[in-house]
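data_18.cif follows; it contains mmCIF, C-alpha atoms and all ligand atoms.
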data_my_file
loop_
_atom_site.label_atom_id
_atom_site.label_comp_id
_atom_site.auth_asym_id
_atom_site.auth_seq_id
_atom_site.Cartn_x
_atom_site.Cartn_y
_atom_site.Cartn_z
CA MET A 1 18.26 -23.06 11.54
CA SER A 2 20.01 -21.45 8.58
CA ASP A 3 21.01 -17.82 8.53
CA GLY A 4 18.31 -17.09 5.99
CA GLN A 5 15.57 -18.43 8.27
CA ALA A 6 16.91 -16.55 11.27
CA THR A 7 16.85 -13.33 9.28
CA SER A 8 13.34 -13.82 8.02
CA ARG A 9 12.12 -14.66 11.53
CA ARG A 10 13.63 -11.48 12.94
CA ALA A 11 12.06 -9.56 10.06
CA PHE A 12 8.71 -11.20 10.85
CA LEU A 13 8.85 -10.21 14.52
CA LYS A 14 9.80 -6.68 13.63
CA GLY A 15 6.91 -6.72 11.18
CA THR A 16 4.35 -7.74 13.81
CA ALA A 17 5.55 -5.06 16.21
CA ALA A 18 5.17 -2.45 13.50
CA ALA A 19 1.72 -3.75 12.58
CA ALA A 20 0.62 -3.65 16.21
CA ALA A 21 1.81 -0.06 16.55
CA GLY A 22 -0.08 0.83 13.38
CA ALA A 23 -3.26 -0.82 14.62
CA ALA A 24 -3.02 1.03 17.93
CA ALA A 25 -2.51 4.31 16.13
CA ALA A 26 -5.57 3.60 14.00
CA GLY A 27 -7.58 2.86 17.12
CA ALA A 28 -8.44 -0.62 15.82
CA ALA A 29 -9.09 -3.05 18.71
CA LYS A 30 -8.52 -6.23 16.70
CA ALA A 31 -6.92 -8.27 19.53
CA ALA A 32 -10.18 -8.64 21.47
CA GLU A 33 -11.81 -10.52 18.59
CA GLY A 34 -9.60 -13.58 19.09
CA PRO A 35 -6.91 -15.17 16.93
CA ASP A 36 -6.72 -14.17 13.27
CA PRO A 37 -6.37 -17.32 11.09
CA LEU A 38 -4.37 -15.30 8.58
CA ILE A 39 -1.74 -15.06 11.31
CA THR A 40 -2.19 -18.37 13.19
CA GLU A 41 -2.93 -20.86 10.34
CA VAL A 42 -0.64 -21.97 7.52
CA GLN A 43 -2.40 -20.66 4.44
CA GLU A 44 -3.14 -22.54 1.21
CA TRP A 45 -0.64 -20.45 -0.82
CA ALA A 46 2.16 -21.47 1.51
CA GLN A 47 1.46 -25.17 0.92
CA ILE A 48 1.80 -25.14 -2.88
CA THR A 49 4.31 -23.74 -5.32
CA GLY A 50 3.54 -20.66 -7.40
CA ASP A 51 3.83 -19.91 -11.12
CA GLY A 52 7.14 -20.56 -12.83
CA VAL A 53 9.14 -17.71 -14.36
CA ASP A 54 7.71 -18.10 -17.85
CA ALA A 55 4.02 -18.08 -16.91
CA THR A 56 3.61 -14.57 -18.33
CA PRO A 57 6.49 -13.57 -20.66
CA TYR A 58 5.06 -10.05 -20.65
CA GLY A 59 3.60 -9.42 -17.21
CA LEU A 60 0.14 -8.14 -16.49
CA PRO A 61 -1.33 -6.84 -13.22
CA ILE A 62 -2.54 -9.56 -10.85
CA GLU A 63 -6.23 -10.44 -11.29
CA TYR A 64 -7.14 -8.76 -7.98
CA GLU A 65 -6.27 -5.41 -9.56
CA GLY A 66 -8.65 -6.04 -12.44
CA ASP A 67 -10.68 -2.89 -11.82
CA VAL A 68 -7.70 -0.59 -12.31
CA ILE A 69 -8.53 -0.03 -15.96
CA ARG A 70 -9.33 2.69 -18.45
CA ARG A 71 -13.04 3.38 -18.72
CA ASN A 72 -15.10 5.34 -21.19
CA VAL A 73 -18.42 7.09 -20.74
CA GLU A 74 -20.67 5.63 -23.42
CA TRP A 75 -23.02 8.58 -23.84
CA LEU A 76 -20.17 11.05 -24.46
CA THR A 77 -19.41 9.92 -28.01
CA ALA A 78 -21.31 8.05 -30.72
CA ASP A 79 -18.68 5.34 -31.22
CA THR A 80 -15.32 4.24 -29.83
CA ILE A 81 -13.35 5.10 -33.01
CA SER A 82 -13.57 8.84 -32.41
CA SER A 83 -13.70 8.79 -28.66
CA ILE A 84 -11.93 9.03 -25.34
CA ASN A 85 -11.37 6.88 -22.31
CA PHE A 86 -10.03 7.83 -18.90
CA THR A 87 -6.99 7.00 -16.77
CA PRO A 88 -7.94 5.33 -13.43
CA ILE A 89 -6.16 8.09 -11.47
CA HIS A 90 -8.25 7.28 -8.38
CA ALA A 91 -6.42 3.94 -8.08
CA LEU A 92 -2.84 4.95 -8.94
CA ASP A 93 -0.13 6.44 -6.74
CA GLY A 94 3.21 8.09 -7.42
CA THR A 95 3.34 10.06 -10.65
CA ILE A 96 4.13 7.74 -13.57
CA THR A 97 1.15 6.43 -15.53
CA PRO A 98 1.62 2.86 -16.77
CA GLN A 99 0.96 2.86 -20.53
CA GLY A 100 -1.61 0.09 -20.17
CA CYS A 101 -4.00 2.32 -18.26
CA ALA A 102 -3.13 5.73 -19.78
CA PHE A 103 -6.15 7.43 -21.37
CA GLU A 104 -6.64 7.22 -25.13
CA ARG A 105 -8.04 9.83 -27.46
CA HIS A 106 -8.41 8.99 -31.13
CA HIS A 107 -10.21 10.82 -33.94
CA SER A 108 -10.16 7.83 -36.30
CA GLY A 109 -9.04 4.89 -34.19
CA ALA A 110 -5.61 3.57 -33.18
CA ILE A 111 -3.68 2.31 -36.21
CA ALA A 112 -1.06 -0.46 -36.40
CA LEU A 113 2.01 0.99 -38.16
CA ARG A 114 5.16 -1.14 -38.45
CA LYS A 115 8.55 0.45 -37.78
CA GLU A 116 9.65 -0.74 -41.23
CA ASP A 117 6.83 1.24 -42.82
CA TYR A 118 7.47 4.35 -40.74
CA ARG A 119 8.58 7.56 -42.48
CA LEU A 120 8.86 11.11 -41.11
CA MET A 121 9.05 13.91 -43.67
CA ILE A 122 10.28 17.42 -42.94
CA ASN A 123 9.41 19.85 -45.72
CA GLY A 124 8.28 23.41 -46.42
CA LEU A 125 10.49 26.38 -45.63
CA VAL A 126 13.69 24.37 -45.16
CA ASP A 127 17.01 24.31 -47.03
CA GLN A 128 16.79 20.55 -47.56
CA PRO A 129 13.55 18.58 -47.33
CA LEU A 130 14.25 15.28 -45.55
CA VAL A 131 12.64 11.91 -44.94
CA PHE A 132 13.66 9.88 -41.88
CA THR A 133 13.11 6.18 -41.30
CA TYR A 134 12.69 4.82 -37.77
CA GLU A 135 16.31 3.63 -37.86
CA ASP A 136 17.46 7.13 -38.87
CA LEU A 137 15.77 8.59 -35.79
CA GLU A 138 17.59 6.11 -33.56
CA ARG A 139 20.95 7.50 -34.71
CA PHE A 140 20.39 11.00 -33.26
CA PRO A 141 21.32 11.88 -29.66
CA ARG A 142 18.40 11.03 -27.37
CA GLU A 143 16.89 12.67 -24.30
CA ASN A 144 14.61 11.39 -21.52
CA HIS A 145 11.94 13.59 -19.95
CA VAL A 146 8.86 13.06 -17.82
CA TYR A 147 5.88 15.11 -19.01
CA PHE A 148 2.12 15.10 -18.49
CA CYS A 149 -0.25 15.01 -21.47
CA GLU A 150 -3.68 16.48 -20.74
CA CYS A 151 -6.52 16.60 -23.25
CA ALA A 152 -7.92 20.14 -23.53
CA ALA A 153 -11.34 18.58 -22.83
CA ASN A 154 -10.31 17.16 -19.45
CA THR A 155 -12.92 18.25 -16.84
CA GLY A 156 -14.91 19.71 -19.76
CA MET A 157 -18.17 18.09 -18.66
CA GLU A 158 -18.06 19.93 -15.33
CA TRP A 159 -18.52 23.53 -16.53
CA ALA A 160 -22.25 23.76 -15.97
CA GLY A 161 -22.36 21.73 -12.76
CA ALA A 162 -20.90 18.72 -10.96
CA GLN A 163 -21.60 15.86 -13.32
CA LEU A 164 -19.38 12.78 -13.47
CA ASN A 165 -18.96 10.89 -10.22
CA GLY A 166 -15.30 9.99 -10.00
CA ALA A 167 -11.82 11.48 -10.41
CA GLN A 168 -11.23 9.04 -13.27
CA PHE A 169 -14.06 10.66 -15.25
CA THR A 170 -13.67 14.29 -14.16
CA HIS A 171 -9.85 14.43 -14.38
CA GLY A 172 -8.69 11.22 -16.08
CA MET A 173 -7.86 12.64 -19.52
CA ILE A 174 -4.28 12.93 -18.34
CA HIS A 175 -1.20 10.74 -18.26
CA ASN A 176 2.40 11.26 -17.23
CA MET A 177 5.22 9.24 -18.75
CA GLU A 178 8.95 9.25 -19.18
CA TYR A 179 9.58 9.79 -22.89
CA THR A 180 12.68 8.90 -24.83
CA GLY A 181 13.19 10.71 -28.09
CA VAL A 182 15.04 13.17 -30.26
CA PRO A 183 14.41 16.91 -29.83
CA LEU A 184 12.44 18.23 -32.83
CA ARG A 185 14.98 21.07 -33.06
CA THR A 186 17.72 18.53 -33.88
CA LEU A 187 15.75 17.25 -36.88
CA LEU A 188 14.76 20.78 -37.95
CA ALA A 189 18.43 21.83 -37.78
CA GLU A 190 19.28 18.89 -40.02
CA ALA A 191 16.81 20.23 -42.62
CA GLY A 192 17.76 23.89 -42.04
CA VAL A 193 14.83 26.15 -41.12
CA GLN A 194 14.67 29.24 -43.34
CA THR A 195 14.20 32.68 -41.77
CA GLU A 196 10.58 32.96 -42.99
CA GLY A 197 9.73 29.73 -41.14
CA LYS A 198 7.56 30.87 -38.22
CA TRP A 199 5.31 27.83 -37.65
CA VAL A 200 5.36 24.09 -38.11
CA PHE A 201 2.35 22.13 -39.28
CA VAL A 202 2.47 18.62 -37.81
CA GLU A 203 0.34 15.67 -38.84
CA GLY A 204 -0.10 11.97 -38.15
CA ALA A 205 -0.38 8.92 -40.42
CA ASP A 206 -3.90 7.98 -39.26
CA ALA A 207 -7.01 8.79 -41.32
CA SER A 208 -7.81 11.87 -39.18
CA SER A 209 -4.16 13.05 -39.49
CA ASN A 210 -4.87 15.38 -36.56
CA GLY A 211 -3.04 18.28 -38.28
CA ARG A 212 -1.97 21.08 -35.92
CA SER A 213 0.07 24.27 -36.19
CA ILE A 214 2.77 24.97 -33.60
CA PRO A 215 4.75 28.25 -33.39
CA ILE A 216 8.42 27.75 -34.35
CA ASP A 217 9.65 28.99 -30.94
CA LYS A 218 7.94 26.07 -29.21
CA ALA A 219 9.04 23.63 -31.94
CA LEU A 220 12.67 24.67 -31.40
CA ASP A 221 12.35 24.68 -27.62
CA ASP A 222 11.34 21.45 -25.83
CA VAL A 223 9.24 19.46 -28.33
CA LEU A 224 10.34 15.82 -28.55
CA VAL A 225 9.97 13.28 -31.35
CA ALA A 226 9.44 10.34 -29.00
CA PHE A 227 9.63 6.61 -29.60
CA LYS A 228 9.70 5.18 -26.07
CA ALA A 229 7.45 5.74 -23.07
CA ASN A 230 8.32 4.51 -19.58
CA GLY A 231 11.29 2.68 -21.09
CA GLU A 232 9.44 0.58 -23.65
CA ALA A 233 8.07 1.13 -27.12
CA LEU A 234 5.03 3.38 -27.33
CA ARG A 235 1.84 1.37 -27.25
CA LYS A 236 -0.19 1.33 -30.47
CA GLU A 237 -2.84 3.52 -28.87
CA HIS A 238 -0.26 6.17 -27.93
CA GLY A 239 1.17 6.49 -31.44
CA TYR A 240 3.56 3.59 -32.07
CA PRO A 241 6.19 3.87 -33.36
CA VAL A 242 6.65 7.66 -33.04
CA ARG A 243 4.65 10.51 -31.50
CA LEU A 244 5.18 14.18 -30.84
CA VAL A 245 5.54 15.32 -27.23
CA VAL A 246 4.66 19.01 -26.70
CA PRO A 247 5.42 19.68 -23.00
CA GLY A 248 2.81 21.65 -21.06
CA TRP A 249 0.60 22.17 -24.11
CA GLU A 250 -2.86 20.67 -24.72
CA GLY A 251 -2.95 17.01 -25.74
CA ASN A 252 -4.35 17.55 -29.24
CA MET A 253 -0.96 18.92 -30.37
CA TRP A 254 0.82 15.70 -29.29
CA VAL A 255 0.44 14.16 -32.74
CA LYS A 256 0.53 10.35 -32.73
CA TRP A 257 1.94 8.23 -35.60
CA LEU A 258 3.81 11.44 -36.57
CA ARG A 259 4.47 11.46 -40.31
CA ARG A 260 5.12 15.06 -41.41
CA VAL A 261 6.44 18.36 -40.11
CA GLU A 262 6.03 21.24 -42.53
CA VAL A 263 7.80 24.52 -41.80
CA MET A 264 5.47 27.39 -42.76
CA ASP A 265 5.23 31.17 -42.52
CA GLY A 266 1.88 31.04 -40.70
CA PRO A 267 -0.58 28.69 -39.04
CA VAL A 268 -2.89 26.50 -41.11
CA GLU A 269 -6.14 28.29 -40.35
CA SER A 270 -8.42 26.79 -42.95
CA ARG A 271 -8.56 23.35 -41.40
CA GLU A 272 -11.44 22.67 -39.13
CA GLU A 273 -9.22 20.96 -36.57
CA THR A 274 -6.94 23.94 -35.96
CA SER A 275 -9.79 26.19 -34.95
CA LYS A 276 -11.69 23.51 -33.05
CA TYR A 277 -9.97 23.83 -29.73
CA THR A 278 -11.19 27.29 -28.82
CA ASP A 279 -12.96 28.34 -25.64
CA THR A 280 -16.41 29.82 -26.17
CA LEU A 281 -17.06 32.70 -23.76
CA GLU A 282 -20.34 33.91 -22.25
CA ASP A 283 -20.86 36.54 -24.98
CA GLY A 284 -20.41 33.95 -27.76
CA THR A 285 -16.90 35.09 -28.72
CA SER A 286 -14.01 32.64 -28.42
CA ARG A 287 -10.59 32.44 -26.87
CA LYS A 288 -8.15 30.68 -29.15
CA TRP A 289 -4.52 29.64 -29.14
CA THR A 290 -4.85 28.69 -25.52
CA TRP A 291 -2.28 25.96 -25.83
CA VAL A 292 -0.74 25.98 -22.37
CA MET A 293 -2.50 23.90 -19.73
CA ASP A 294 -2.81 26.11 -16.63
CA ALA A 295 -2.07 24.82 -13.13
CA LYS A 296 -4.59 22.30 -11.85
CA SER A 297 -4.95 19.62 -9.19
CA VAL A 298 -7.36 16.99 -7.96
CA ILE A 299 -7.63 14.79 -4.89
CA THR A 300 -7.54 11.19 -6.13
CA SER A 301 -8.24 9.58 -2.74
CA PRO A 302 -10.56 9.79 -0.97
CA SER A 303 -12.84 10.36 -3.96
CA PRO A 304 -16.10 8.82 -5.25
CA GLN A 305 -14.35 5.72 -6.66
CA SER A 306 -11.94 5.53 -3.72
CA PRO A 307 -14.04 5.98 -0.57
CA ILE A 308 -12.68 5.80 2.99
CA THR A 309 -13.10 2.17 4.04
CA HIS A 310 -11.90 2.53 7.64
CA GLY A 311 -13.14 4.42 10.66
CA PRO A 312 -11.92 7.68 12.20
CA GLY A 313 -8.20 8.15 12.87
CA PRO A 314 -5.23 8.38 10.53
CA LEU A 315 -6.28 9.20 6.98
CA VAL A 316 -4.03 9.76 3.98
CA ILE A 317 -5.40 12.36 1.59
CA THR A 318 -3.57 12.27 -1.73
CA GLY A 319 -3.79 13.70 -5.22
CA LEU A 320 -2.09 15.04 -8.31
CA ALA A 321 -1.08 18.54 -9.35
CA TRP A 322 0.43 19.85 -12.58
CA SER A 323 1.10 22.98 -14.60
CA GLY A 324 1.94 23.64 -18.24
CA ASN A 325 3.75 26.77 -17.07
CA GLY A 326 6.46 24.93 -15.16
CA ALA A 327 6.89 23.14 -11.87
CA ILE A 328 4.34 22.84 -9.06
CA THR A 329 5.69 24.64 -6.01
CA ARG A 330 2.86 24.15 -3.53
CA VAL A 331 -0.47 22.39 -3.08
CA ASP A 332 -2.98 23.31 -0.36
CA VAL A 333 -5.78 21.07 0.84
CA SER A 334 -9.06 22.13 2.43
CA THR A 335 -11.43 19.82 4.30
CA ASP A 336 -14.14 22.48 4.70
CA GLY A 337 -14.88 23.54 1.14
CA GLY A 338 -12.19 26.18 0.84
CA MET A 339 -12.60 28.14 4.08
CA ASN A 340 -9.34 26.91 5.64
CA TRP A 341 -6.28 25.59 3.82
CA THR A 342 -3.36 23.42 4.95
CA GLN A 343 -0.19 23.06 2.91
CA ALA A 344 0.17 19.49 1.63
CA ARG A 345 3.45 17.57 1.35
CA LEU A 346 4.85 17.10 -2.16
CA GLY A 347 6.05 13.53 -2.76
CA ALA A 348 9.07 15.00 -4.55
CA PRO A 349 10.12 18.51 -5.63
CA GLY A 350 7.95 19.63 -8.57
CA GLN A 351 9.32 18.98 -12.07
CA LYS A 352 8.53 21.19 -15.04
CA MET A 353 5.40 20.13 -16.96
CA ALA A 354 5.15 16.84 -15.08
CA LEU A 355 2.67 15.52 -12.51
CA SER A 356 3.40 16.13 -8.83
CA ARG A 357 2.01 13.80 -6.16
CA PHE A 358 0.86 15.42 -2.93
CA TYR A 359 -0.12 13.98 0.45
CA LEU A 360 -1.82 15.36 3.53
CA GLU A 361 -1.97 13.01 6.50
CA ILE A 362 -4.79 13.95 8.88
CA ASP A 363 -6.46 12.59 11.97
CA TRP A 364 -10.00 12.23 10.63
CA ASP A 365 -12.65 12.70 13.33
CA GLY A 366 -15.23 10.84 11.25
CA SER A 367 -17.30 13.88 10.40
CA GLU A 368 -18.19 14.89 6.85
CA MET A 369 -15.70 16.90 4.77
CA LEU A 370 -15.74 19.07 1.67
CA LEU A 371 -12.35 18.12 0.23
CA GLN A 372 -10.56 20.45 -2.14
CA SER A 373 -7.01 20.89 -3.43
CA ARG A 374 -5.41 24.05 -4.85
CA ALA A 375 -2.24 24.02 -6.95
CA ILE A 376 0.33 26.83 -7.18
CA ASP A 377 3.07 26.79 -9.82
CA GLU A 378 6.48 28.43 -10.13
CA SER A 379 5.00 31.42 -11.98
CA GLY A 380 2.96 32.18 -8.84
CA TYR A 381 -0.33 31.24 -10.57
CA VAL A 382 -2.96 29.92 -8.16
CA GLN A 383 -5.56 27.39 -9.37
CA PRO A 384 -8.94 29.23 -9.49
CA THR A 385 -12.23 28.27 -7.88
CA LYS A 386 -15.11 27.22 -10.13
CA ALA A 387 -16.84 30.58 -9.47
CA GLN A 388 -13.70 32.56 -10.40
CA LEU A 389 -13.27 30.60 -13.63
CA ARG A 390 -16.93 30.98 -14.59
CA GLU A 391 -16.72 34.75 -14.06
CA VAL A 392 -14.10 34.94 -16.78
CA ARG A 393 -15.19 32.13 -19.05
CA GLY A 394 -18.94 31.71 -18.49
CA LEU A 395 -20.74 28.39 -18.85
CA ASN A 396 -20.39 27.75 -22.60
CA SER A 397 -16.85 26.42 -22.55
CA ILE A 398 -15.78 22.83 -22.95
CA TYR A 399 -12.02 23.14 -22.96
CA HIS A 400 -9.47 24.23 -20.36
CA ASN A 401 -11.46 23.77 -17.17
CA ASN A 402 -8.80 23.91 -14.44
CA CYS A 403 -11.03 24.87 -11.52
CA ILE A 404 -10.79 23.56 -7.97
CA GLN A 405 -12.69 20.27 -7.56
CA THR A 406 -14.82 19.46 -4.50
CA TRP A 407 -15.56 15.99 -3.10
CA TRP A 408 -18.18 15.72 -0.38
CA VAL A 409 -17.02 12.95 1.95
CA ARG A 410 -19.75 11.65 4.25
CA GLU A 411 -19.45 10.10 7.73
CA THR A 412 -19.70 6.70 6.03
CA GLY A 413 -16.54 7.46 4.05
CA GLU A 414 -18.39 7.58 0.74
CA ALA A 415 -17.60 10.54 -1.51
CA GLU A 416 -19.55 12.47 -4.13
CA ASN A 417 -18.79 15.09 -6.79
CA VAL A 418 -20.37 18.38 -5.62
CA GLU A 419 -20.00 22.13 -6.00
CA VAL A 420 -19.69 24.66 -3.24
CA SER A 421 -20.83 28.21 -3.79
N1 LIG A 501 -2.76 12.26 -33.07
C1 LIG A 501 -3.32 11.62 -34.09
N2 LIG A 501 -2.58 11.30 -35.15
N3 LIG A 501 -4.66 11.30 -34.06
C2 LIG A 501 -5.46 11.64 -32.99
O1 LIG A 501 -6.66 11.32 -33.01
N4 LIG A 501 -5.60 12.79 -30.79
C3 LIG A 501 -5.01 13.92 -30.05
C4 LIG A 501 -3.53 13.69 -29.77
N5 LIG A 501 -2.85 13.24 -30.95
C5 LIG A 501 -4.88 12.35 -31.90
C6 LIG A 501 -3.49 12.61 -31.97
C7 LIG A 501 -5.66 14.25 -28.78
S1 LIG A 501 -7.08 15.20 -28.84
C8 LIG A 501 -5.09 13.95 -27.56
S2 LIG A 501 -5.78 14.49 -26.11
C9 LIG A 501 -3.85 13.13 -27.48
O2 LIG A 501 -3.40 12.71 -28.77
C10 LIG A 501 -4.12 11.90 -26.62
O3 LIG A 501 -3.01 11.06 -26.59
P1 LIG A 501 -3.19 9.57 -26.03
O4 LIG A 501 -4.21 8.87 -26.87
O5 LIG A 501 -1.84 8.96 -26.09
O6 LIG A 501 -3.68 9.71 -24.62
CO CO A 502 -7.45 15.80 -26.71
#
Can the structure in the file be given as structure tokens, please?
Ligand code: MTE
Ligand code: CO
Amino acid sequence: MSDGQATSRRAFLKGTAAAAAGAAAAGAAKAAEGPDPLITEVQEWAQITGDGVDATPYGLPIEYEGDVIRRNVEWLTADTISSINFTPIHALDGTITPQGCAFERHHSGAIALRKEDYRLMINGLVDQPLVFTYEDLERFPRENHVYFCECAANTGMEWAGAQLNGAQFTHGMIHNMEYTGVPLRTLLAEAGVQTEGKWVFVEGADASSNGRSIPIDKALDDVLVAFKANGEALRKEHGYPVRLVVPGWEGNMWVKWLRRVEVMDGPVESREETSKYTDTLEDGTSRKWTWVMDAKSVITSPSPQSPITHGPGPLVITGLAWSGNGAITRVDVSTDGGMNWTQARLGAPGQKMALSRFYLEIDWDGSEMLLQSRAIDESGYVQPTKAQLREVRGLNSIYHNNCIQTWWVRETGEAENVEVS
């Protein structure tokens, strides 16, 4: 017996002992049912060879994970060109969203723009208007940052009542990636912002152009002109080759296929788009310039698309929390609709304007639960209940719904989107 075999055998024995301990802890009495062929028989996949190294030059998830995909809700929009789909957050873990399943939001479709044809213009109230090629951008010092991007409309269908049955649909207009790019302030410094320059107007190269005004303080703070996400080129649908990253602020300002930054003395108010993302209040008046995404959280499992498939005993409750105002410092979980709260465990210390993963391991007695999570950020802000949010904002809003979500988990393990009063 070679050393390698001896090692793997020891590892195997250790593995079985661990599995047995796990089964005992879970109260599963598998042994009584007789031998398990998956343990006692040599399986088909051990009698053949697998795929060679070049089978998939760019790898895709294994076919068994085929349901971990973006989904849209057909009745929400008239066509897929100006539409939205949702990240399968119910099926992911950790915090990084793979680009291939990160939600998409386009106003006039995702365009294919070659790096060679890429130009970024900086004009307006600057000493020297400039045009950068993609290669020019690559010659500036780069930074890497993980940030979440949340569409202002995320959870927007839930204002009037519990509606969409799954975390993917209620909270899936969010993704969290590691971006590589050049700070916008570096490029603005190159052009020389004049003292009257108080805003930047940013627009994309697509037909909708998605023009938005951003106050100069934010533009000079942490905004990134990004060309990589999770280490690789941006996908077409996320703005290849270059997009704007506006940490903590609503997704509509994260201009894709970024082509122009104009320094101005005020916001561009005349355009329909700039005034679109307002929050209509009960009395018909609107809140506007609500750019920061307030602290929010959701339990991703168990949830309607991720029911409990085992009996009573150890249960891992997990979810995501985030805040546009900084780092998440604490997440509480309730199993009784908000009457009692237990502090959850953060997978890692919260990072500013990035998703945090939380876990609460419980011993589930098999009875029904009203599962909720509540995020708290470094500013001390506590995620509000639905009732608290409605008191301030009424029922006419679409945008910026950051209320506490409730999943009703039944004895069967199935879960449903509900509201508690
Ligand atoms: N940028 C351009 N050029 N065109 C667009 O349609 N949609 C915006 C923003 N940037 C949009 C855009 C909206 S509303 C959101 S929520 C984010 O992009 C979504 O980014 P994603 O498609 O990478 O998820
Ligand atoms: Co959006």
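Minimum distance to Val316 in chain A across A:Val42, A:Leu258, A:Ile299, A:Val392 (counting only C-alpha atoms) occurs at A:Ile299.
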Using only the atoms of ligand LIG 501 (chain A) listed in the file, plus 3 Å on each side, state the axis-aligned box centre and edge lengths in Å rounded to one decimal, as JSON.
{"center_x": -4.5, "center_y": 12.0, "center_z": -29.9, "size_x": 11.2, "size_y": 12.3, "size_z": 16.5}
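CA of Met293 in chain A sits 18.4 Å away from CA of Gln168 in chain A.
In this comparison, which uses only C-alpha atoms, the residue of A:Thr280, A:Ser334, A:Met353, A:Ile89 approaching Thr406 in chain A most closely is A:Ser334.
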Item to check | One-decimal distance in Å that lies between CA of Gly181 in chain A and CA of Gly319 in chain A | outcome: 28.6 Å
Next on the checklist: Which residues are close to Leu164 in chain A, i.e. within 10 Å by all atoms listed in the file, leaving aside same-chain residues fewer than 6 positions away? Reply as an MDAnalysis selection string.
Outcome noted: chainID A and resid 73 155 157:158 170:171 304 416:418
Checklist outcome for this item: Of A:Arg105, A:Arg139, A:Lys228, A:Arg357, the one nearest to Asn154 in chain A when counting only C-alpha atoms is A:Arg105
Item to check | Contacts of ligand LIG 501 (chain A), 9 Å or closer, only C-alpha atoms and all ligand atoms, given as a PyMOL selection string | outcome: chain A and resi 82-87+99+102-110+149-154+173-175+203-211+234-239+243-244+250-259
How would range 117-121 of chain A of the given structure read as a file with all heavy atoms, as a PDB file, in the first residue's frame?
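Listed below is the output, decode_16.pdb:
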ATOM      1  N   ASP A 117     -13.578  50.108 -28.742  1.00  0.00           N
ATOM      2  CA  ASP A 117     -14.518  51.184 -29.084  1.00  0.00           C
ATOM      3  C   ASP A 117     -14.905  51.999 -27.846  1.00  0.00           C
ATOM      4  O   ASP A 117     -15.744  52.891 -27.917  1.00  0.00           O
ATOM      5  CB  ASP A 117     -15.802  50.597 -29.692  1.00  0.00           C
ATOM      6  CG  ASP A 117     -15.517  49.826 -30.968  1.00  0.00           C
ATOM      7  OD1 ASP A 117     -14.531  50.166 -31.646  1.00  0.00           O
ATOM      8  OD2 ASP A 117     -16.273  48.877 -31.278  1.00  0.00           O
ATOM      9  N   TYR A 118     -14.301  51.656 -26.723  1.00  0.00           N
ATOM     10  CA  TYR A 118     -14.685  52.311 -25.472  1.00  0.00           C
ATOM     11  C   TYR A 118     -14.014  53.691 -25.331  1.00  0.00           C
ATOM     12  O   TYR A 118     -12.811  53.822 -25.525  1.00  0.00           O
ATOM     13  CB  TYR A 118     -14.318  51.435 -24.262  1.00  0.00           C
ATOM     14  CG  TYR A 118     -14.718  52.103 -22.970  1.00  0.00           C
ATOM     15  CD1 TYR A 118     -16.055  52.133 -22.575  1.00  0.00           C
ATOM     16  CD2 TYR A 118     -13.785  52.764 -22.187  1.00  0.00           C
ATOM     17  CE1 TYR A 118     -16.450  52.803 -21.424  1.00  0.00           C
ATOM     18  CE2 TYR A 118     -14.167  53.432 -21.024  1.00  0.00           C
ATOM     19  CZ  TYR A 118     -15.502  53.449 -20.656  1.00  0.00           C
ATOM     20  OH  TYR A 118     -15.884  54.116 -19.529  1.00  0.00           O
ATOM     21  N   ARG A 119     -14.798  54.691 -24.960  1.00  0.00           N
ATOM     22  CA  ARG A 119     -14.273  56.021 -24.648  1.00  0.00           C
ATOM     23  C   ARG A 119     -14.999  56.544 -23.412  1.00  0.00           C
ATOM     24  O   ARG A 119     -16.209  56.355 -23.273  1.00  0.00           O
ATOM     25  CB  ARG A 119     -14.533  57.009 -25.794  1.00  0.00           C
ATOM     26  CG  ARG A 119     -13.866  56.644 -27.109  1.00  0.00           C
ATOM     27  CD  ARG A 119     -12.349  56.834 -27.083  1.00  0.00           C
ATOM     28  NE  ARG A 119     -11.774  56.555 -28.382  1.00  0.00           N
ATOM     29  CZ  ARG A 119     -11.411  55.329 -28.805  1.00  0.00           C
ATOM     30  NH1 ARG A 119     -11.594  54.267 -28.029  1.00  0.00           N
ATOM     31  NH2 ARG A 119     -10.899  55.170 -30.004  1.00  0.00           N
ATOM     32  N   LEU A 120     -14.251  57.210 -22.528  1.00  0.00           N
ATOM     33  CA  LEU A 120     -14.860  57.881 -21.378  1.00  0.00           C
ATOM     34  C   LEU A 120     -14.471  59.354 -21.436  1.00  0.00           C
ATOM     35  O   LEU A 120     -13.280  59.692 -21.407  1.00  0.00           O
ATOM     36  CB  LEU A 120     -14.369  57.256 -20.062  1.00  0.00           C
ATOM     37  CG  LEU A 120     -14.762  58.000 -18.784  1.00  0.00           C
ATOM     38  CD1 LEU A 120     -16.275  58.106 -18.630  1.00  0.00           C
ATOM     39  CD2 LEU A 120     -14.155  57.312 -17.550  1.00  0.00           C
ATOM     40  N   MET A 121     -15.485  60.211 -21.515  1.00  0.00           N
ATOM     41  CA  MET A 121     -15.219  61.654 -21.599  1.00  0.00           C
ATOM     42  C   MET A 121     -15.491  62.303 -20.245  1.00  0.00           C
ATOM     43  O   MET A 121     -16.481  62.001 -19.591  1.00  0.00           O
ATOM     44  CB  MET A 121     -16.113  62.273 -22.666  1.00  0.00           C
ATOM     45  CG  MET A 121     -15.971  63.783 -22.767  1.00  0.00           C
ATOM     46  SD  MET A 121     -16.491  64.404 -24.369  1.00  0.00           S
ATOM     47  CE  MET A 121     -18.191  64.705 -24.060  1.00  0.00           C
TER      48      MET A 121
END
